[in-house]
Amino acid sequence: MRLAIASDHAGFELKETLKKYLQQTHELVDFGTTKCEPTDYPIVSIKAAQSVAQKECDLGVIICGTGIGSCIAANKVKGVRAALCHSTDFALMSRKHNNANIIVLPGRFIAGHYAIEILKKWLETAFEGGRHQKRIDLITEYERQQS
């Protein structure tokens, strides 16, 4: 699986930790940042989100300080369903019910080992479909109407 990964400066250290874990089993495309110097989260978040929306990457992982700004930015990209996850339960439900194609993690609020557990749960959970597909279709239809 090909994964987009990105972070601002506040998520850089966690991104590097997650890359070490993910590189064992996935192909990664890193959209930055490459250092801890101040970086505007919308730039890297939108680049990663576009790669998922355009099917250049299968799924995406984005990290910023709280995760809030990056989640907002990523969700501006048509076709993206980014979910801010701060627990394994949120990761599970974001995939199972919402078919999230990007996970956003709060780099300043979770430890690396727990972020790996959250990410592992997110990656191993499949979309349940069924009644949830109708809701995804409603979102997709709204996006089409906005074009």
# chains A, B, ... in the order shown; residues from 1 in each chain; ligands from 1
call {"tool": "residues_around", "arguments": {"residues": "stretch 69-79 of chain A", "least_positions_apart": "4", "cutoff": "7 Å", "atoms": "only C-alpha atoms", "output": "list in words"}}
result
Tyr41, Pro42, Ser45, Ile46, Ala49, Gln50, Ala53, Cys64, Ala83, Leu84, Val104 and Glu143 of chain A
call {"tool": "write_last_selection", "arguments": {"atoms": "N, CA and C atoms", "output": "tab-separated table (two decimals), in the first residue's frame"}}
result
chain	number	residue	atom	x	y	z
A	41	TYR	N	1.04	24.37	8.20
A	41	TYR	CA	0.37	23.07	8.04
A	41	TYR	C	-0.54	22.98	6.81
A	42	PRO	N	-1.21	24.07	6.35
A	42	PRO	CA	-2.06	23.89	5.17
A	42	PRO	C	-1.28	23.44	3.93
A	45	SER	N	-0.45	19.62	4.36
A	45	SER	CA	-1.69	18.86	4.49
A	45	SER	C	-2.43	18.77	3.17
A	46	ILE	N	-2.51	19.88	2.47
A	46	ILE	CA	-3.22	19.89	1.19
A	46	ILE	C	-2.48	19.07	0.15
A	49	ALA	N	-3.22	15.48	0.94
A	49	ALA	CA	-4.62	15.20	0.65
A	49	ALA	C	-4.87	15.10	-0.85
A	50	GLN	N	-4.25	15.97	-1.63
A	50	GLN	CA	-4.41	15.90	-3.09
A	50	GLN	C	-3.89	14.58	-3.64
A	53	ALA	N	-6.65	12.08	-2.92
A	53	ALA	CA	-7.82	12.35	-3.76
A	53	ALA	C	-7.59	11.98	-5.22
A	64	CYS	N	-0.02	17.27	12.88
A	64	CYS	CA	0.34	18.63	13.28
A	64	CYS	C	0.19	18.71	14.79
A	83	ALA	N	-9.95	12.25	9.14
A	83	ALA	CA	-10.48	12.12	10.50
A	83	ALA	C	-9.37	12.34	11.52
A	84	LEU	N	-9.62	13.22	12.46
A	84	LEU	CA	-8.71	13.46	13.57
A	84	LEU	C	-8.92	12.34	14.59
A	104	VAL	N	-5.55	11.92	10.75
A	104	VAL	CA	-4.80	13.07	11.24
A	104	VAL	C	-4.54	12.83	12.72
A	143	GLU	N	-20.31	17.27	-2.65
A	143	GLU	CA	-19.05	17.75	-3.25
A	143	GLU	C	-19.23	17.97	-4.75
call {"tool": "select_by_dssp", "arguments": {"residues": "stretch 6-119 of chain A", "states": "strand (DSSP E)", "output": "list in words"}}
result
Ala6, Ser7, Glu27, Leu28, Val29, Asp30, Leu59, Gly60, Val61, Ile62, Ile63, Cys64, Ala82, Ala83, Leu84, Ile102, Ile103, Val104, Leu105 and Pro106 of chain A
call {"tool": "residues_around", "arguments": {"residues": "stretch 9-12 of chain A", "least_positions_apart": "6", "cutoff": "6 Å", "atoms": "only C-alpha atoms", "output": "tab-separated table (two decimals) with C-alpha atoms, in the first residue's frame"}}
result
chain	number	residue	atom	x	y	z
A	36	CYS	CA	11.52	21.15	12.98
A	37	GLU	CA	11.55	24.72	11.66
A	38	PRO	CA	8.18	26.51	11.41
A	39	THR	CA	6.06	25.16	8.57
A	63	ILE	CA	0.37	15.14	11.80
A	64	CYS	CA	0.34	18.63	13.28
A	65	GLY	CA	0.33	19.99	16.82
A	107	GLY	CA	1.61	15.37	17.48
call {"tool": "select_by_dssp", "arguments": {"residues": "chain A", "states": "alpha helix (DSSP H)", "output": "ChimeraX atom specification"}}
result
/A:12-22,41-53,68-74,88-96,112-124,131-146
call {"tool": "residues_around", "arguments": {"residues": "stretch 128-138 of chain A", "least_positions_apart": "4", "cutoff": "8 Å", "atoms": "only C-alpha atoms", "output": "ChimeraX atom specification"}}
result
/A:96-99,142
call {"tool": "write_last_selection", "arguments": {"atoms": "N, CA and C atoms", "output": "PDB file, in the first residue's frame"}}
result
ATOM      1  N   LYS A  96     -14.396   2.276   9.843  1.00  0.00           N
ATOM      2  CA  LYS A  96     -15.541   1.368   9.804  1.00  0.00           C
ATOM      3  C   LYS A  96     -16.817   2.058   9.331  1.00  0.00           C
ATOM      4  N   HIS A  97     -17.086   3.250   9.842  1.00  0.00           N
ATOM      5  CA  HIS A  97     -18.334   3.951   9.519  1.00  0.00           C
ATOM      6  C   HIS A  97     -18.175   5.088   8.522  1.00  0.00           C
ATOM      7  N   ASN A  98     -16.995   5.733   8.492  1.00  0.00           N
ATOM      8  CA  ASN A  98     -16.823   6.914   7.652  1.00  0.00           C
ATOM      9  C   ASN A  98     -15.914   6.699   6.463  1.00  0.00           C
ATOM     10  N   ASN A  99     -15.280   5.537   6.389  1.00  0.00           N
ATOM     11  CA  ASN A  99     -14.344   5.220   5.312  1.00  0.00           C
ATOM     12  C   ASN A  99     -13.314   6.343   5.134  1.00  0.00           C
ATOM     13  N   TYR A 142     -22.814  16.021  -2.466  1.00  0.00           N
ATOM     14  CA  TYR A 142     -22.674  17.424  -2.108  1.00  0.00           C
ATOM     15  C   TYR A 142     -21.405  18.012  -2.719  1.00  0.00           C
TER      16      TYR A 142
END
call {"tool": "closest_atom_pairs", "arguments": {"of": "stretch 10-85 of chain A", "to": "stretch 116-121 of chain A", "cutoff": "8 Å", "atoms": "only C-alpha atoms", "output": "CSV"}}
result
residue,atom,partner,partner_atom,distance
A:Leu18,CA,A:Ile116,CA,6.5
A:Tyr21,CA,A:Ile116,CA,7.4
A:Cys85,CA,A:Ile118,CA,7.6
call {"tool": "atom_distance", "arguments": {"atom1": "atom CA of A:Leu3", "atom2": "atom CA of A:Ala115"}}
result
15.9 Å
call {"tool": "atom_distance", "arguments": {"atom1": "atom CA of A:Gly32", "atom2": "atom CA of A:Ala126"}}
result
27.5 Å
call {"tool": "closest_residue", "arguments": {"among": "A:Ile68, A:Ala6, A:Ile110, A:Leu123", "to": "A:Ser94", "atoms": "only C-alpha atoms"}}
result
A:Leu123
call {"tool": "closest_residue", "arguments": {"among": "A:Val29, A:Val80, A:Leu14, A:Ile102", "to": "A:Gly60", "atoms": "only C-alpha atoms"}}
result
A:Ile102
call {"tool": "residues_around", "arguments": {"residues": "A:Asn101", "least_positions_apart": "5", "cutoff": "8 Å", "atoms": "only C-alpha atoms", "output": "PDB file with N, CA and C atoms, in the first residue's frame"}}
result
ATOM      1  N   VAL A  52      -3.951  11.718  -2.206  1.00  0.00           N
ATOM      2  CA  VAL A  52      -4.941  10.684  -1.904  1.00  0.00           C
ATOM      3  C   VAL A  52      -6.165  10.865  -2.811  1.00  0.00           C
ATOM      4  N   ASP A  58      -2.793   5.564  -1.721  1.00  0.00           N
ATOM      5  CA  ASP A  58      -4.004   4.857  -1.307  1.00  0.00           C
ATOM      6  C   ASP A  58      -4.675   5.519  -0.107  1.00  0.00           C
ATOM      7  N   LEU A  59      -3.873   5.900   0.869  1.00  0.00           N
ATOM      8  CA  LEU A  59      -4.352   6.528   2.096  1.00  0.00           C
ATOM      9  C   LEU A  59      -3.336   7.562   2.544  1.00  0.00           C
ATOM     10  N   GLY A  60      -3.710   8.373   3.543  1.00  0.00           N
ATOM     11  CA  GLY A  60      -2.795   9.401   4.019  1.00  0.00           C
ATOM     12  C   GLY A  60      -2.725   9.478   5.532  1.00  0.00           C
ATOM     13  N   VAL A  80     -11.672  13.850  -0.149  1.00  0.00           N
ATOM     14  CA  VAL A  80     -10.955  13.491   1.080  1.00  0.00           C
ATOM     15  C   VAL A  80     -11.937  13.402   2.241  1.00  0.00           C
ATOM     16  N   ARG A  81     -11.748  12.376   3.039  1.00  0.00           N
ATOM     17  CA  ARG A  81     -12.476  12.213   4.291  1.00  0.00           C
ATOM     18  C   ARG A  81     -11.416  12.024   5.371  1.00  0.00           C
ATOM     19  N   ALA A  82     -10.912  13.131   5.875  1.00  0.00           N
ATOM     20  CA  ALA A  82      -9.862  13.107   6.894  1.00  0.00           C
ATOM     21  C   ALA A  82     -10.504  13.085   8.276  1.00  0.00           C
ATOM     22  N   ARG A  95     -12.729   4.556  10.122  1.00  0.00           N
ATOM     23  CA  ARG A  95     -12.633   3.671   8.954  1.00  0.00           C
ATOM     24  C   ARG A  95     -13.919   2.868   8.774  1.00  0.00           C
TER      25      ARG A  95
END
call {"tool": "closest_residue", "arguments": {"among": "A:Gln146, A:Ser7, A:Thr140, A:Thr25", "to": "A:Ile62", "atoms": "only C-alpha atoms"}}
result
A:Ser7
call {"tool": "closest_residue", "arguments": {"among": "A:Lys55, A:Arg108, A:Arg2, A:His86", "to": "A:Asp30", "atoms": "only C-alpha atoms"}}
result
A:Arg2
call {"tool": "residues_around", "arguments": {"residues": "A:Leu28", "least_positions_apart": "5", "cutoff": "10 Å", "atoms": "only C-alpha atoms", "output": "PyMOL selection string"}}
result
chain A and resi 1-5+19+22-23+57+60-61
